[in-house]
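Asker: Below you'll find the structure I mean.
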Amino acid sequence: GERTCLAVAEEAVRRARTSKLNAFARVDATATNRKLPDGPLRGVPVAVKDSICIKDETPTAGSRAVGSWKAREDAFAVARLREAGANVIGSTNCDEFGMGSTGETCQRGFTRHPLDLRRAPGGSSSGSAAAVASSIVPLALGSDTGGSIRLPAAWCGVVGVKPTYGRVSRRGLLAYCSSTDCVGVFARSVEDAAFALGLIAGHDDGDATSSQECVPDYLSMLSIPTNDRVASINVEVDDDIESVVAGASNALKADQCDALSPQFLRDCAAAYHVLAAAEAHSNLARYHVNHENPPFGAEVTRRVALGKRLLGERHAEGLYERAVDVRAQARARLDDVLSSVDVLMLPVAPTAAPKLNAPSVITKEARGSLARDLRDDLPRDYANDFLTAFASLAGLPALSVPFGRTSGGLPVGVQVVGKAFDEAAVLRTARRLE
Ligand code: GLN
């Protein structure tokens, strides 16, 4: 009833306000006295990454450069959740324009890890993951361009789903790398995530890359008994992560996937960063045309400058073209591997949540051929992207599901990746790990 909805909203708003995590950029006081439509999510408090538009609010994307522009309408995914009765209680902090893996590039300050305030929650959708993990809200929207939903989900111990590219409309999402940007969800369980994904998925005329593919009922597909074939990609990660993921691999009776090497993953990550920098350069130019907006932060400035060099006339040895080739080859290779298995599994990140301000670990991981040429320009936290970027590059659906803990008690996420538009198999596999 009405009164329960308001009590739930009041509690969520109170928790958001008093939380020590700095998860929220803005909490909406009007959430506690709002008329909500009848629907399956009636009264469910929801948080939204601050790069996703909410009507009459400024989506800052963690940047001062956006200025004071206010969105004229809700983003597609936000509108869908509201139509289902969800109560949007505020916007969550993120790395500036989604560029980061720890939450530390946010110009409003970093979000803290819910289990250990000295640690990073993961990024770039840091606040959304932290808000769900700390039970401020049961559901949140994020965006994943190269891992930004899966990584914070893994580090915070919640479920995080990046759908197939084009499955969820990007309308109302501030662009970072438009060819890999995806809107997705954080939830406490696979079931909740499946339900929420079903609400926000589907065609939208307002996004030229939005797919016409029909959306199955993800929730009912969760309970279909299947023998989905799982293949496990072997990678070098921390011992703690390795043993947890080996446990998951056993539980899923996964075969080894020999066709995809760590080198393949690293080349994909390097190609991703080339394309991401180039597209970011183009997408972000608009913020400094007519406005005297404040400058970008250091990481965004660096990437925009890299993108400019990559796209310039005497670009760095054709790296952009090589990255485009790597993307095409990666998609073909993954489609081939996924023609004989249903899903792939691997860790989300090589470590659990690091301390805030942890030193850079690029050199050890930057062994791919593209990465070698890019070494001085790779983002500081590149090592945290190399297990997630390949699915983004190829546009495939992927999620992180919590499975086990490190010896220090930190959450570990198992990543499941599927065929294009087969989120159902990905969700069903994740369910088996809960
Ligand atoms: N960490 C990656 C990057 O900085 C991915 C970010 C994202 O998915 N938005 O580009």
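To be explicit about the labels: the chains of the structure tokens are called A, B, and onward in the order shown, and within each one the residues are counted from 1, while ligands get numbers from 1 in the order they are shown.
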Go through stretch 119-266 of chain A and collect every residue that DSSP, computed from the backbone, puts in strand (DSSP E or B); the answer should be as an MDAnalysis selection string.

Answerer: chainID A and resid 119 139:144 159:162 168 173 182:187 201 230:233 255:257

Asker: Output as CSV one row per residue of stretch 126-174 of chain A within 8 Å of stretch 14-23 of chain A: the closest atom pair and its distance in Å to one decimal place, counting only C-alpha atoms, sorted by chain and residue number ascending.

Answerer:
residue,atom,partner,partner_atom,distance
A:Ser126,CA,A:Ala23,CA,7.1
A:Gly127,CA,A:Ala23,CA,4.0
A:Ser128,CA,A:Ala23,CA,7.0
A:Ala130,CA,A:Ala23,CA,6.3
A:Ala131,CA,A:Ala23,CA,6.2
A:Ile136,CA,A:Arg15,CA,5.7

Asker: Just write the chosen residues, N, CA and C atoms, as a short mmCIF file (atom, residue, chain, number, x, y, z; two decimals), in the first residue's frame.

Answerer:
data_model
loop_
_atom_site.label_atom_id
_atom_site.label_comp_id
_atom_site.auth_asym_id
_atom_site.auth_seq_id
_atom_site.Cartn_x
_atom_site.Cartn_y
_atom_site.Cartn_z
N SER A 126 30.74 2.88 -9.21
CA SER A 126 31.08 2.61 -7.82
C SER A 126 29.90 2.76 -6.86
N GLY A 127 29.22 3.90 -6.94
CA GLY A 127 28.16 4.20 -5.99
C GLY A 127 26.98 3.25 -6.11
N SER A 128 26.67 2.84 -7.35
CA SER A 128 25.55 1.92 -7.54
C SER A 128 25.84 0.58 -6.89
N ALA A 130 28.03 0.00 -4.43
CA ALA A 130 28.13 0.19 -2.99
C ALA A 130 26.75 0.35 -2.36
N ALA A 131 25.85 1.04 -3.06
CA ALA A 131 24.50 1.28 -2.52
C ALA A 131 23.71 -0.03 -2.41
N ILE A 136 21.28 -0.06 0.92
CA ILE A 136 20.55 1.21 0.85
C ILE A 136 19.38 1.04 -0.12
#

Asker: Please identify the residues whose atoms come within 6 Å of ligand 1, using only C-alpha atoms and all ligand atoms, and report them as a list in words.

Answerer: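 What falls inside 6 Å of ligand 1 is Gly98, Met99, Gly100, Ser101, Ser124, Asp144, Thr145, Gly146, Gly147, Ser148 and Asp385 of chain A.
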
Asker: Counting only C-alpha atoms, which residues in stretch 22-49 of chain A sit no more than 9 Å from stretch 57-80 of chain A? For each one, give the nearest pair of atoms and the distance in Å, sorted by chain then residue number, as a Markdown table.

Answerer:
| residue | atom | partner | partner_atom | distance |
| --- | --- | --- | --- | --- |
| A:Ala25 | CA | A:Gly62 | CA | 8.2 |
| A:Val48 | CA | A:Val78 | CA | 7.8 |
| A:Lys49 | CA | A:Ala61 | CA | 7.8 |

Asker: Skip A:Ala29 itself and residues of its chain fewer than 6 positions away, then list as a list of chain:residue names all residues within 10 Å of it, counting only C-alpha atoms.

Answerer: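 Close residues of A:Ala29: A:Ala9, A:Glu10, A:Val13, A:Arg14, A:Ile89, A:Gly90.
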
Asker: Taking only C-alpha atoms into account, name the residue in A:Cys177, A:His203, A:Asp255, A:Ile224 that is nearest to A:Ser282.

Answerer: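 Among the listed residues, A:Cys177 lies closest to A:Ser282.
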
Asker: Point out the residue among A:Ala269, A:Ile200, A:Cys156, A:Ala120 with the least atom-to-atom distance to A:Ala358, counting only C-alpha atoms.

Answerer: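 So, comparing all the options, the nearest one is A:Ala120.
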
Asker: Given only C-alpha atoms as the basis, pick out the residue of A:Leu117, A:Ala84, A:Val245, A:Val183 nearest to A:Lys355.

Answerer: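 Ranked by minimum distance to A:Lys355, first place goes to A:Leu117.
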
Asker: For stretch 291-308 of chain A, list every protein, DNA or RNA residue within 9 Å, evaluated using only C-alpha atoms, and leave out those in the same chain fewer than 2 positions away; present the list as a PyMOL selection string.

Answerer: chain A and resi 63-67+96-97+99-100+105-107+273-282+284-285+287-289+310-312+315+377-380

Asker: What are the DSSP helix (DSSP H, G or I) residues of stretch 236-430 of chain A, as a PyMOL selection string?

Answerer: chain A and resi 239-251+262-288+298-311+319-337+362-365+369-377+382-384+389-394+423-430

Asker: Measuring atom to atom with only C-alpha atoms, identify which of A:Thr180, A:Pro402, A:Ser210, A:Thr102 is nearest to A:Ala133.

Answerer: A:Pro402
